[in-house]
$ cat target.txt   # compact mmCIF, C-alpha atoms
# COMPACT_ATOMS: atom_id res chain seq x y z
CA MET R 18 34.12 14.98 -63.81
CA ALA R 19 31.15 13.36 -65.58
CA ASN R 20 28.40 13.90 -63.03
CA THR R 21 25.56 13.96 -65.59
CA PHE R 22 23.82 10.90 -67.03
CA GLY R 23 21.33 10.63 -69.89
CA HIS R 24 20.45 12.49 -73.09
CA LEU R 25 16.86 13.77 -73.00
CA PHE R 26 16.16 12.75 -69.39
CA ARG R 27 19.31 14.08 -67.76
CA VAL R 28 20.33 13.72 -64.13
CA THR R 29 23.20 15.43 -62.37
CA THR R 30 24.07 14.23 -58.87
CA TRP R 31 25.95 16.37 -56.39
CA GLY R 32 27.31 16.28 -52.83
CA GLU R 33 29.81 14.33 -50.74
CA SER R 34 29.38 11.65 -48.12
CA HIS R 35 30.13 13.88 -45.12
CA GLY R 36 29.15 17.25 -46.58
CA GLY R 37 26.01 19.17 -45.72
CA ALA R 38 23.75 17.32 -48.15
CA VAL R 39 23.55 15.20 -51.27
CA GLY R 40 21.08 15.45 -54.10
CA VAL R 41 20.26 15.57 -57.78
CA VAL R 42 19.01 17.85 -60.54
CA VAL R 43 16.68 16.19 -63.05
CA ASP R 44 16.28 17.96 -66.39
CA GLY R 45 13.97 16.82 -69.19
CA CYS R 46 11.15 15.41 -67.07
CA PRO R 47 7.88 15.83 -68.98
CA PRO R 48 5.46 18.43 -67.56
CA ARG R 49 2.18 17.78 -65.73
CA LEU R 50 3.34 14.56 -64.07
CA LYS R 51 1.89 14.25 -60.58
CA LEU R 52 4.89 14.32 -58.25
CA THR R 53 5.50 14.92 -54.55
CA GLU R 54 8.08 13.81 -52.01
CA ALA R 55 5.82 10.84 -51.23
CA ASP R 56 6.63 9.41 -54.68
CA ILE R 57 10.36 9.58 -53.96
CA GLN R 58 10.67 8.61 -50.30
CA PRO R 59 9.85 4.86 -50.47
CA ASP R 60 12.84 4.10 -52.72
CA LEU R 61 15.14 6.24 -50.57
CA ASP R 62 13.95 4.30 -47.52
CA ARG R 63 14.99 1.08 -49.26
CA ARG R 64 18.43 2.54 -50.02
CA ARG R 65 19.22 4.24 -46.71
CA PRO R 66 21.69 2.86 -44.15
CA GLY R 67 20.57 1.65 -40.74
CA GLN R 68 17.52 -0.22 -42.06
CA SER R 69 18.55 -3.68 -40.83
CA ARG R 70 21.23 -5.57 -38.94
CA ILE R 71 23.08 -6.59 -42.13
CA VAL R 72 23.77 -3.08 -43.49
CA SER R 73 25.73 -0.04 -42.35
CA PRO R 74 24.48 1.22 -38.96
CA ARG R 75 24.86 4.87 -40.02
CA LYS R 76 21.60 6.55 -38.99
CA GLU R 77 20.24 8.68 -41.78
CA ILE R 78 16.55 9.54 -42.21
CA ASP R 79 17.22 10.44 -45.86
CA LYS R 80 14.14 12.66 -46.03
CA VAL R 81 13.92 14.17 -49.51
CA GLN R 82 12.98 17.76 -50.28
CA ILE R 83 11.88 18.87 -53.75
CA LEU R 84 13.27 22.40 -54.14
CA SER R 85 12.22 23.22 -57.70
CA GLY R 86 10.48 21.98 -60.82
CA THR R 87 7.01 21.33 -59.39
CA PHE R 88 3.91 23.42 -58.68
CA LYS R 89 0.80 22.25 -56.88
CA GLY R 90 2.01 18.66 -57.00
CA ARG R 91 2.79 18.53 -60.73
CA THR R 92 6.01 18.80 -62.70
CA LEU R 93 6.57 21.99 -64.69
CA GLY R 94 8.95 20.66 -67.32
CA THR R 95 11.71 22.69 -65.68
CA PRO R 96 14.71 21.30 -63.74
CA ILE R 97 13.73 19.36 -60.62
CA CYS R 98 16.20 19.80 -57.77
CA MET R 99 16.03 17.36 -54.85
CA LEU R 100 18.01 17.52 -51.62
CA VAL R 101 18.70 15.06 -48.80
CA LYS R 102 20.60 16.32 -45.77
CA ASN R 103 23.51 14.40 -44.23
CA GLU R 104 22.79 14.18 -40.51
CA ASP R 105 24.87 11.37 -38.98
CA THR R 106 28.34 12.34 -40.17
CA ARG R 107 31.39 11.29 -38.17
CA PRO R 108 34.42 12.60 -40.06
CA GLU R 109 36.66 11.87 -37.06
CA ALA R 110 36.45 8.16 -37.93
CA TYR R 111 38.37 8.88 -41.14
CA THR R 112 41.29 10.99 -39.90
CA GLU R 113 43.81 8.24 -40.67
CA MET R 114 42.60 8.25 -44.29
CA GLU R 115 43.79 11.86 -44.63
CA THR R 116 47.34 10.56 -44.99
CA LYS R 117 46.81 6.92 -45.99
CA PHE R 118 45.16 5.31 -48.99
CA ARG R 119 42.60 2.56 -48.30
CA PRO R 120 43.23 -0.59 -50.37
CA SER R 121 40.85 -1.00 -53.35
CA HIS R 122 39.16 2.35 -52.64
CA ALA R 123 39.36 5.40 -54.90
CA ASP R 124 41.59 7.30 -52.44
CA TYR R 125 44.82 6.90 -54.40
CA THR R 126 43.29 7.25 -57.86
CA TYR R 127 41.43 10.46 -56.97
CA GLN R 128 44.63 11.87 -55.48
CA ALA R 129 46.58 10.86 -58.58
CA LYS R 130 44.03 12.48 -60.90
CA PHE R 131 43.04 15.68 -59.08
CA GLY R 132 45.82 16.25 -56.57
CA ILE R 133 43.15 16.71 -53.88
CA ARG R 134 40.40 14.58 -52.40
CA ASN R 135 37.75 14.59 -49.71
CA TRP R 136 38.95 11.82 -47.40
CA GLN R 137 35.93 12.03 -45.06
CA GLY R 138 33.96 8.90 -45.84
CA GLY R 139 35.28 8.79 -49.38
CA GLY R 140 33.61 12.05 -50.35
CA ARG R 141 32.15 11.80 -53.83
CA THR R 142 33.16 8.17 -54.28
CA SER R 143 30.97 7.00 -51.41
CA ALA R 144 27.77 5.06 -52.08
CA ARG R 145 26.11 8.06 -50.42
CA GLU R 146 26.26 9.64 -53.89
CA THR R 147 23.60 7.17 -55.04
CA VAL R 148 20.93 9.00 -53.01
CA GLY R 149 20.54 11.32 -55.99
CA ARG R 150 20.36 8.45 -58.45
CA VAL R 151 17.64 6.68 -56.48
CA ALA R 152 15.61 9.88 -56.11
CA ALA R 153 15.80 10.54 -59.85
CA GLY R 154 15.09 6.89 -60.57
CA ALA R 155 11.86 7.09 -58.57
CA ILE R 156 10.62 9.76 -60.99
CA ALA R 157 11.70 7.69 -63.98
CA LYS R 158 9.96 4.61 -62.58
CA LYS R 159 6.71 6.56 -62.18
CA ILE R 160 6.85 7.81 -65.78
CA LEU R 161 7.55 4.32 -67.10
CA ARG R 162 4.82 2.76 -65.00
CA HIS R 163 2.09 5.29 -65.79
CA GLU R 164 2.95 6.17 -69.38
CA HIS R 165 4.20 2.82 -70.70
CA GLY R 166 3.11 0.10 -68.27
CA VAL R 167 6.73 -0.86 -67.56
CA GLU R 168 7.56 -2.53 -64.24
CA ILE R 169 11.14 -2.51 -62.96
CA LEU R 170 12.38 -4.88 -60.27
CA SER R 171 15.71 -6.15 -59.02
CA TYR R 172 16.69 -8.72 -56.42
CA VAL R 173 19.67 -10.47 -54.91
CA GLN R 174 20.35 -13.73 -56.73
CA GLN R 175 23.68 -14.67 -55.21
CA VAL R 176 25.87 -13.94 -52.20
CA GLN R 177 29.30 -15.49 -52.66
CA ARG R 178 28.52 -19.18 -53.42
CA ILE R 179 24.88 -19.15 -52.25
CA VAL R 180 22.68 -18.96 -55.36
CA ALA R 181 18.90 -18.59 -55.54
CA ASP R 182 16.82 -19.79 -58.50
CA ILE R 183 14.28 -17.06 -59.28
CA ASP R 184 12.16 -16.42 -62.39
CA PRO R 185 12.48 -12.73 -63.39
CA ASN R 186 9.15 -13.01 -65.22
CA LYS R 187 7.21 -13.95 -62.11
CA VAL R 188 8.95 -12.45 -59.06
CA THR R 189 7.03 -9.74 -57.20
CA ALA R 190 8.13 -6.68 -55.26
CA LYS R 191 6.44 -8.07 -52.16
CA GLU R 192 8.50 -11.27 -52.38
CA ILE R 193 11.71 -9.29 -52.82
CA GLU R 194 11.02 -7.07 -49.83
CA SER R 195 10.03 -10.02 -47.63
CA THR R 196 13.64 -10.71 -46.58
CA LEU R 197 16.40 -8.49 -45.16
CA VAL R 198 18.75 -9.38 -48.00
CA ARG R 199 16.11 -8.73 -50.71
CA CYS R 200 16.31 -12.25 -52.06
CA PRO R 201 12.78 -13.64 -52.71
CA ASP R 202 13.94 -17.23 -52.15
CA LYS R 203 13.46 -17.36 -48.37
CA ALA R 204 15.53 -20.48 -47.78
CA ALA R 205 18.47 -19.09 -49.73
CA ALA R 206 17.93 -15.67 -48.11
CA GLN R 207 18.38 -17.08 -44.61
CA ARG R 208 21.66 -18.71 -45.62
CA MET R 209 22.80 -15.44 -47.18
CA ILE R 210 21.94 -13.50 -44.03
CA ARG R 211 23.86 -15.95 -41.85
CA LEU R 212 26.89 -15.64 -44.13
CA ILE R 213 26.77 -11.83 -44.08
CA GLU R 214 26.52 -11.80 -40.29
CA LYS R 215 29.43 -14.24 -40.05
CA VAL R 216 31.77 -12.17 -42.23
CA ARG R 217 30.73 -9.00 -40.43
CA LYS R 218 31.72 -10.45 -37.06
CA ALA R 219 35.07 -11.40 -38.59
CA GLY R 220 35.60 -7.80 -39.72
CA ASP R 221 35.32 -8.81 -43.37
CA THR R 222 32.94 -8.34 -46.29
CA VAL R 223 31.30 -10.36 -49.05
CA GLY R 224 29.94 -9.74 -52.57
CA GLY R 225 27.46 -11.27 -54.95
CA VAL R 226 25.05 -10.79 -57.87
CA ILE R 227 21.90 -8.73 -58.37
CA VAL R 228 19.43 -9.44 -61.18
CA GLY R 229 17.65 -6.50 -62.79
CA ALA R 230 14.42 -6.97 -64.73
CA ALA R 231 12.14 -4.69 -66.73
CA ARG R 232 8.77 -6.14 -67.71
CA GLY R 233 6.43 -4.62 -70.27
CA VAL R 234 9.03 -2.73 -72.29
CA PRO R 235 7.59 -2.35 -75.82
CA PRO R 236 9.61 -3.32 -78.88
CA GLY R 237 11.67 -0.58 -80.50
CA TRP R 238 13.53 1.17 -77.68
CA GLY R 239 17.27 1.52 -78.20
CA GLU R 240 19.63 3.61 -80.35
CA PRO R 241 22.09 1.59 -82.46
CA VAL R 242 24.96 1.60 -83.05
CA PHE R 243 26.81 3.10 -80.08
CA ASP R 244 23.82 3.65 -77.77
CA ARG R 245 22.49 0.13 -77.89
CA LEU R 246 20.06 -0.46 -75.07
CA GLU R 247 22.24 -3.12 -73.44
CA ALA R 248 25.33 -0.91 -73.83
CA ASP R 249 23.64 1.92 -71.96
CA LEU R 250 22.43 -0.50 -69.29
CA ALA R 251 25.97 -1.83 -68.93
CA LYS R 252 27.37 1.68 -68.52
CA ALA R 253 24.67 2.51 -65.99
CA MET R 254 25.33 -0.56 -63.88
CA LEU R 255 29.11 -0.35 -64.03
CA SER R 256 28.89 3.26 -62.85
CA LEU R 257 27.51 2.04 -59.51
CA PRO R 258 29.91 1.80 -56.56
CA ALA R 259 31.43 -1.69 -56.09
CA SER R 260 30.06 -3.06 -59.39
CA LYS R 261 32.54 -5.28 -61.24
CA GLY R 262 30.64 -7.13 -63.95
CA PHE R 263 27.55 -7.07 -66.19
CA ASP R 264 25.90 -9.56 -68.50
CA ILE R 265 22.47 -9.72 -70.11
CA GLY R 266 20.20 -12.62 -71.00
CA SER R 267 22.29 -15.77 -71.29
CA GLY R 268 25.41 -13.63 -70.91
CA PHE R 269 28.65 -15.56 -70.61
CA ASP R 270 26.70 -18.84 -70.43
CA ALA R 271 25.93 -18.40 -74.15
CA ILE R 272 29.37 -19.76 -75.02
CA LEU R 273 28.24 -23.20 -73.85
CA LEU R 274 25.48 -23.36 -76.50
CA THR R 275 25.34 -23.70 -80.26
CA GLY R 276 23.53 -21.13 -82.40
CA THR R 277 20.50 -23.35 -82.84
CA GLN R 278 20.32 -23.90 -79.09
CA HIS R 279 20.76 -20.24 -78.27
CA ASN R 280 18.43 -18.60 -80.80
CA ASP R 281 15.07 -17.28 -79.59
CA PRO R 282 12.42 -18.51 -82.09
CA TYR R 283 9.79 -15.96 -83.16
CA ARG R 284 6.06 -16.60 -83.13
CA ALA R 285 3.05 -14.35 -83.68
CA GLN R 286 -0.30 -14.25 -81.93
CA ALA R 287 -3.12 -11.73 -82.17
CA GLY R 288 -0.99 -9.42 -84.25
CA LYS R 289 1.92 -9.38 -81.80
CA VAL R 290 5.37 -10.92 -82.15
CA TYR R 291 6.93 -12.79 -79.25
CA THR R 292 9.78 -15.26 -78.69
CA THR R 293 9.36 -18.72 -77.22
CA THR R 294 12.60 -18.37 -75.25
CA ASN R 295 14.41 -15.28 -74.03
CA ARG R 296 18.13 -15.95 -74.05
CA SER R 297 18.61 -12.52 -75.63
CA GLY R 298 17.39 -10.89 -72.42
CA GLY R 299 14.74 -8.85 -74.22
CA ILE R 300 17.17 -6.98 -76.48
CA GLN R 301 18.31 -7.82 -80.01
CA GLY R 302 20.49 -5.61 -82.18
CA GLY R 303 20.55 -3.11 -79.35
CA ILE R 304 16.76 -2.65 -79.52
CA SER R 305 14.09 -4.00 -77.16
CA ASN R 306 12.02 -6.83 -78.66
CA GLY R 307 9.05 -6.71 -76.28
CA GLN R 308 10.17 -9.52 -74.00
CA THR R 309 11.32 -9.11 -70.40
CA ILE R 310 14.68 -7.38 -70.19
CA TYR R 311 16.85 -9.08 -67.59
CA PHE R 312 20.53 -8.84 -66.71
CA ARG R 313 23.00 -9.54 -63.91
CA VAL R 314 25.32 -7.19 -62.07
CA ALA R 315 28.26 -8.50 -60.02
CA PHE R 316 29.28 -6.53 -56.93
CA LYS R 317 32.62 -7.02 -55.24
CA PRO R 318 33.07 -7.43 -51.48
CA VAL R 319 33.01 -3.96 -49.90
CA ALA R 320 36.58 -2.63 -49.84
CA THR R 321 36.42 -1.40 -46.25
CA VAL R 322 37.32 -4.26 -43.89
CA MET R 323 37.98 -4.07 -40.16
CA GLN R 324 41.35 -5.80 -40.42
CA GLU R 325 44.85 -4.40 -40.76
CA GLN R 326 46.10 -4.25 -44.36
CA ASP R 327 49.19 -3.09 -46.20
CA THR R 328 49.02 0.30 -47.93
CA VAL R 329 51.03 3.46 -48.61
CA ASP R 330 50.66 7.01 -47.32
CA VAL R 331 50.43 10.29 -49.26
CA LYS R 332 54.23 10.49 -49.31
CA TYR R 333 54.37 7.01 -50.89
CA ARG R 334 55.84 5.31 -47.83
CA ASN R 335 54.85 1.75 -47.03
CA THR R 336 52.61 1.46 -43.98
CA THR R 337 49.47 -0.31 -42.73
CA ILE R 338 45.90 0.75 -42.12
CA LYS R 339 42.88 -0.60 -40.25
CA ALA R 340 39.48 0.81 -41.20
CA ARG R 341 37.10 2.40 -38.75
CA GLY R 342 33.65 3.86 -39.12
CA ARG R 343 30.33 2.36 -40.23
CA HIS R 344 30.25 0.26 -43.34
CA ASP R 345 28.19 -2.39 -45.11
CA PRO R 346 29.47 -5.95 -44.77
CA CYS R 347 27.67 -6.61 -48.07
CA VAL R 348 26.48 -3.92 -50.47
CA LEU R 349 23.80 -6.07 -52.12
CA PRO R 350 20.66 -5.36 -50.02
CA ARG R 351 21.03 -1.59 -50.44
CA ALA R 352 22.19 -1.88 -54.05
CA VAL R 353 18.86 -3.38 -55.16
CA PRO R 354 17.09 0.03 -55.36
CA MET R 355 20.23 1.47 -56.98
CA VAL R 356 20.04 -1.10 -59.79
CA GLU R 357 16.34 -0.36 -60.23
CA ALA R 358 17.01 3.38 -60.37
CA MET R 359 19.71 3.12 -63.02
CA THR R 360 17.54 0.75 -65.08
CA ALA R 361 14.70 3.26 -64.96
CA LEU R 362 16.96 6.16 -65.93
CA VAL R 363 18.20 4.30 -69.00
CA LEU R 364 14.74 3.18 -70.08
CA VAL R 365 12.95 6.50 -69.60
CA ASP R 366 15.69 8.26 -71.58
CA HIS R 367 15.30 5.77 -74.42
CA ALA R 368 11.51 6.03 -74.27
CA LEU R 369 11.79 9.80 -74.83
CA ARG R 370 14.42 9.38 -77.54
CA HIS R 371 12.27 6.82 -79.35
CA LYS R 372 9.27 9.16 -79.25
CA ALA R 373 11.37 12.07 -80.50
CA GLN R 374 12.71 10.13 -83.48
CA CYS R 375 9.89 7.74 -84.36
CA GLY R 376 6.78 9.43 -82.94
$ encode --input "target.txt" --output "structure tokens"
Amino acid sequence: MANTFGHLFRVTTWGESHGGAVGVVVDGCPPRLKLTEADIQPDLDRRRPGQSRIVSPRKEIDKVQILSGTFKGRTLGTPICMLVKNEDTRPEAYTEMETKFRPSHADYTYQAKFGIRNWQGGGRTSARETVGRVAAGAIAKKILRHEHGVEILSYVQQVQRIVADIDPNKVTAKEIESTLVRCPDKAAAQRMIRLIEKVRKAGDTVGGVIVGAARGVPPGWGEPVFDRLEADLAKAMLSLPASKGFDIGSGFDAILLTGTQHNDPYRAQAGKVYTTTNRSGGIQGGISNGQTIYFRVAFKPVATVMQEQDTVDVKYRNTTIKARGRHDPCVLPRAVPMVEAMTALVLVDHALRHKAQCG
């Protein structure tokens, strides 16, 4: 199983949803970076369940422990191991899943591939796995912010048919965090919250779109041909649980324009090159061009619904199943820090690769 992500800045996540703990090993972090648990915890708090009425009510403190790789509050350049204990596990809620496959989950596919699976909460396929990603991403975000002046943000743009109009060049973290759904458009956010509450009461779920943005990325990051910056971002985002689609800049809307309408004209000022529009999403030829990088990630409705559905059991007999347990009616609010983390992991890796090759 490919549990490791990155080339020079490498992260390996470990642990299952209802095991003793989850965590991550970060290898390749530069030495002498100031780092304590206090740098990691805020992003884990944004990711954890139980933080509001529109997410999973599972009660996890998600307190991170740094077990290795630091000394006197600074990184050593050696592997950093971080651990978060699982405290509110209720495996008894999943006993039916031991013999039945949940529709649109990874239950059947894991069984088909490995011949064994952890059916308690989905095991390794649970969004609980992203604790390690977010912890590692917090380190990456700090490196990018302090060493390169790069700011990474993401926000909910759309829930089902409710769409907010937000400028990725101007939105602030404070605006994003001002609503439960992490949509900075407060009017749209209230409609989104009402919709999520409505589908939750009906025992159903809903999906939507998150926008990721990276501001201040210098020109030159990216490794053509196969490790184009947007290709690595796409892989990163599509590795997240429940993600179903990715586009960058104008994305699929580009097909509605002609080349002259779509091109981003270059200009120069004070010895720096910039573009007057940014339909490329800050990346051209797989390399950053110095403009804001922005992209969209589509997330499906959470597969676990509190309604009876058709399925099969482990002996391939037709049957039905009705989910139990604690689940998100919409993954989007908690996926925002996940998108930020994966963006940071891609960018910090490419920052190190660029320095190694080009100085």
$ atom_distance --input "target.txt" --atom1 "atom CA of Phe118 of chain R" --atom2 "atom CA of Asp330 of chain R"
6.0 Å
$ closest_residue --input "target.txt" --among "R:Pro350, R:Ile156, R:Arg91, R:Lys76" --to "Phe26 of chain R" --atoms "all atoms listed in the file"
R:Ile156
$ atom_distance --input "target.txt" --atom1 "atom CA of Leu349 of chain R" --atom2 "atom CA of Phe312 of chain R"
15.2 Å
$ closest_residue --input "target.txt" --among "R:Val228, R:Ala340, R:Ala219, R:Val331" --to "Tyr111 of chain R" --atoms "all atoms listed in the file"
R:Ala340
$ closest_residue --input "target.txt" --among "R:Ser256, R:Ile71, R:Ser85, R:Arg178" --to "Asn20 of chain R" --atoms "only C-alpha atoms"
R:Ser256
$ closest_residue --input "target.txt" --among "R:Arg232, R:Arg119, R:Lys317, R:Arg70" --to "Ala259 of chain R" --atoms "all atoms listed in the file"
R:Lys317
$ closest_residue --input "target.txt" --among "R:Ala361, R:Lys332, R:Lys191, R:Pro241" --to "Gln128 of chain R" --atoms "all atoms listed in the file"
R:Lys332
$ atom_distance --input "target.txt" --atom1 "atom CA of Pro201 of chain R" --atom2 "atom CA of Ile78 of chain R"
25.7 Å
$ closest_residue --input "target.txt" --among "R:Glu357, R:Asp366, R:Glu113, R:Glu146" --to "Thr336 of chain R" --atoms "all atoms listed in the file"
R:Glu113
$ decode --input "target.txt" --residues "segment 168-240 of chain R" --atoms "C-alpha atoms" --output "PDB file, in the first residue's frame"
ATOM      1  CA  GLU R 168       0.145  31.719   2.382  1.00  0.00           C
ATOM      2  CA  ILE R 169      -2.166  28.740   1.910  1.00  0.00           C
ATOM      3  CA  LEU R 170      -5.930  28.955   2.370  1.00  0.00           C
ATOM      4  CA  SER R 171      -8.961  26.947   1.373  1.00  0.00           C
ATOM      5  CA  TYR R 172     -12.678  27.495   1.774  1.00  0.00           C
ATOM      6  CA  VAL R 173     -16.046  26.026   0.893  1.00  0.00           C
ATOM      7  CA  GLN R 174     -17.332  27.526  -2.343  1.00  0.00           C
ATOM      8  CA  GLN R 175     -20.323  25.305  -2.979  1.00  0.00           C
ATOM      9  CA  VAL R 176     -22.658  22.902  -1.195  1.00  0.00           C
ATOM     10  CA  GLN R 177     -24.845  21.087  -3.705  1.00  0.00           C
ATOM     11  CA  ARG R 178     -26.450  23.949  -5.712  1.00  0.00           C
ATOM     12  CA  ILE R 179     -25.610  26.773  -3.282  1.00  0.00           C
ATOM     13  CA  VAL R 180     -22.610  28.649  -4.714  1.00  0.00           C
ATOM     14  CA  ALA R 181     -20.640  31.481  -3.113  1.00  0.00           C
ATOM     15  CA  ASP R 182     -18.695  34.067  -5.121  1.00  0.00           C
ATOM     16  CA  ILE R 183     -15.333  34.556  -3.394  1.00  0.00           C
ATOM     17  CA  ASP R 184     -12.069  36.092  -4.636  1.00  0.00           C
ATOM     18  CA  PRO R 185      -9.163  33.730  -3.805  1.00  0.00           C
ATOM     19  CA  ASN R 186      -6.786  36.703  -3.984  1.00  0.00           C
ATOM     20  CA  LYS R 187      -8.515  38.601  -1.204  1.00  0.00           C
ATOM     21  CA  VAL R 188     -10.170  36.108   1.156  1.00  0.00           C
ATOM     22  CA  THR R 189      -8.738  35.917   4.680  1.00  0.00           C
ATOM     23  CA  ALA R 190      -8.409  33.088   7.177  1.00  0.00           C
ATOM     24  CA  LYS R 191     -10.529  35.061   9.635  1.00  0.00           C
ATOM     25  CA  GLU R 192     -13.371  35.304   7.098  1.00  0.00           C
ATOM     26  CA  ILE R 193     -13.174  31.590   6.364  1.00  0.00           C
ATOM     27  CA  GLU R 194     -13.287  30.628  10.030  1.00  0.00           C
ATOM     28  CA  SER R 195     -16.168  33.013  10.766  1.00  0.00           C
ATOM     29  CA  THR R 196     -18.823  30.446   9.761  1.00  0.00           C
ATOM     30  CA  LEU R 197     -19.428  26.813  10.773  1.00  0.00           C
ATOM     31  CA  VAL R 198     -19.240  25.647   7.174  1.00  0.00           C
ATOM     32  CA  ARG R 199     -16.001  27.570   6.464  1.00  0.00           C
ATOM     33  CA  CYS R 200     -17.551  29.588   3.663  1.00  0.00           C
ATOM     34  CA  PRO R 201     -16.551  33.288   3.957  1.00  0.00           C
ATOM     35  CA  ASP R 202     -19.745  34.436   2.219  1.00  0.00           C
ATOM     36  CA  LYS R 203     -21.977  34.636   5.308  1.00  0.00           C
ATOM     37  CA  ALA R 204     -25.275  34.775   3.438  1.00  0.00           C
ATOM     38  CA  ALA R 205     -24.404  31.719   1.354  1.00  0.00           C
ATOM     39  CA  ALA R 206     -22.949  30.022   4.457  1.00  0.00           C
ATOM     40  CA  GLN R 207     -26.247  30.256   6.332  1.00  0.00           C
ATOM     41  CA  ARG R 208     -28.080  28.654   3.414  1.00  0.00           C
ATOM     42  CA  MET R 209     -25.452  25.913   3.277  1.00  0.00           C
ATOM     43  CA  ILE R 210     -25.781  25.240   7.002  1.00  0.00           C
ATOM     44  CA  ARG R 211     -29.562  24.993   6.748  1.00  0.00           C
ATOM     45  CA  LEU R 212     -29.236  22.531   3.867  1.00  0.00           C
ATOM     46  CA  ILE R 213     -26.722  20.370   5.753  1.00  0.00           C
ATOM     47  CA  GLU R 214     -28.960  20.297   8.822  1.00  0.00           C
ATOM     48  CA  LYS R 215     -31.949  19.379   6.654  1.00  0.00           C
ATOM     49  CA  VAL R 216     -30.237  16.424   4.968  1.00  0.00           C
ATOM     50  CA  ARG R 217     -28.834  15.267   8.289  1.00  0.00           C
ATOM     51  CA  LYS R 218     -32.310  15.096   9.821  1.00  0.00           C
ATOM     52  CA  ALA R 219     -33.407  13.062   6.802  1.00  0.00           C
ATOM     53  CA  GLY R 220     -30.569  10.596   7.402  1.00  0.00           C
ATOM     54  CA  ASP R 221     -28.845  11.664   4.197  1.00  0.00           C
ATOM     55  CA  THR R 222     -25.689  13.503   3.127  1.00  0.00           C
ATOM     56  CA  VAL R 223     -24.596  16.208   0.700  1.00  0.00           C
ATOM     57  CA  GLY R 224     -21.411  17.173  -1.181  1.00  0.00           C
ATOM     58  CA  GLY R 225     -19.868  20.242  -2.735  1.00  0.00           C
ATOM     59  CA  VAL R 226     -16.709  22.095  -3.788  1.00  0.00           C
ATOM     60  CA  ILE R 227     -13.698  23.442  -1.902  1.00  0.00           C
ATOM     61  CA  VAL R 228     -11.354  26.040  -3.405  1.00  0.00           C
ATOM     62  CA  GLY R 229      -7.672  25.852  -2.532  1.00  0.00           C
ATOM     63  CA  ALA R 230      -5.384  28.854  -2.932  1.00  0.00           C
ATOM     64  CA  ALA R 231      -1.672  29.481  -2.470  1.00  0.00           C
ATOM     65  CA  ARG R 232      -0.567  33.118  -2.524  1.00  0.00           C
ATOM     66  CA  GLY R 233       3.021  34.285  -2.835  1.00  0.00           C
ATOM     67  CA  VAL R 234       4.407  31.215  -4.595  1.00  0.00           C
ATOM     68  CA  PRO R 235       7.471  32.386  -6.564  1.00  0.00           C
ATOM     69  CA  PRO R 236       7.880  31.544 -10.241  1.00  0.00           C
ATOM     70  CA  GLY R 237       9.807  28.392 -11.064  1.00  0.00           C
ATOM     71  CA  TRP R 238       8.394  25.663  -8.805  1.00  0.00           C
ATOM     72  CA  GLY R 239       7.358  22.482 -10.590  1.00  0.00           C
ATOM     73  CA  GLU R 240       9.055  19.502 -12.260  1.00  0.00           C
TER      74      GLU R 240
END
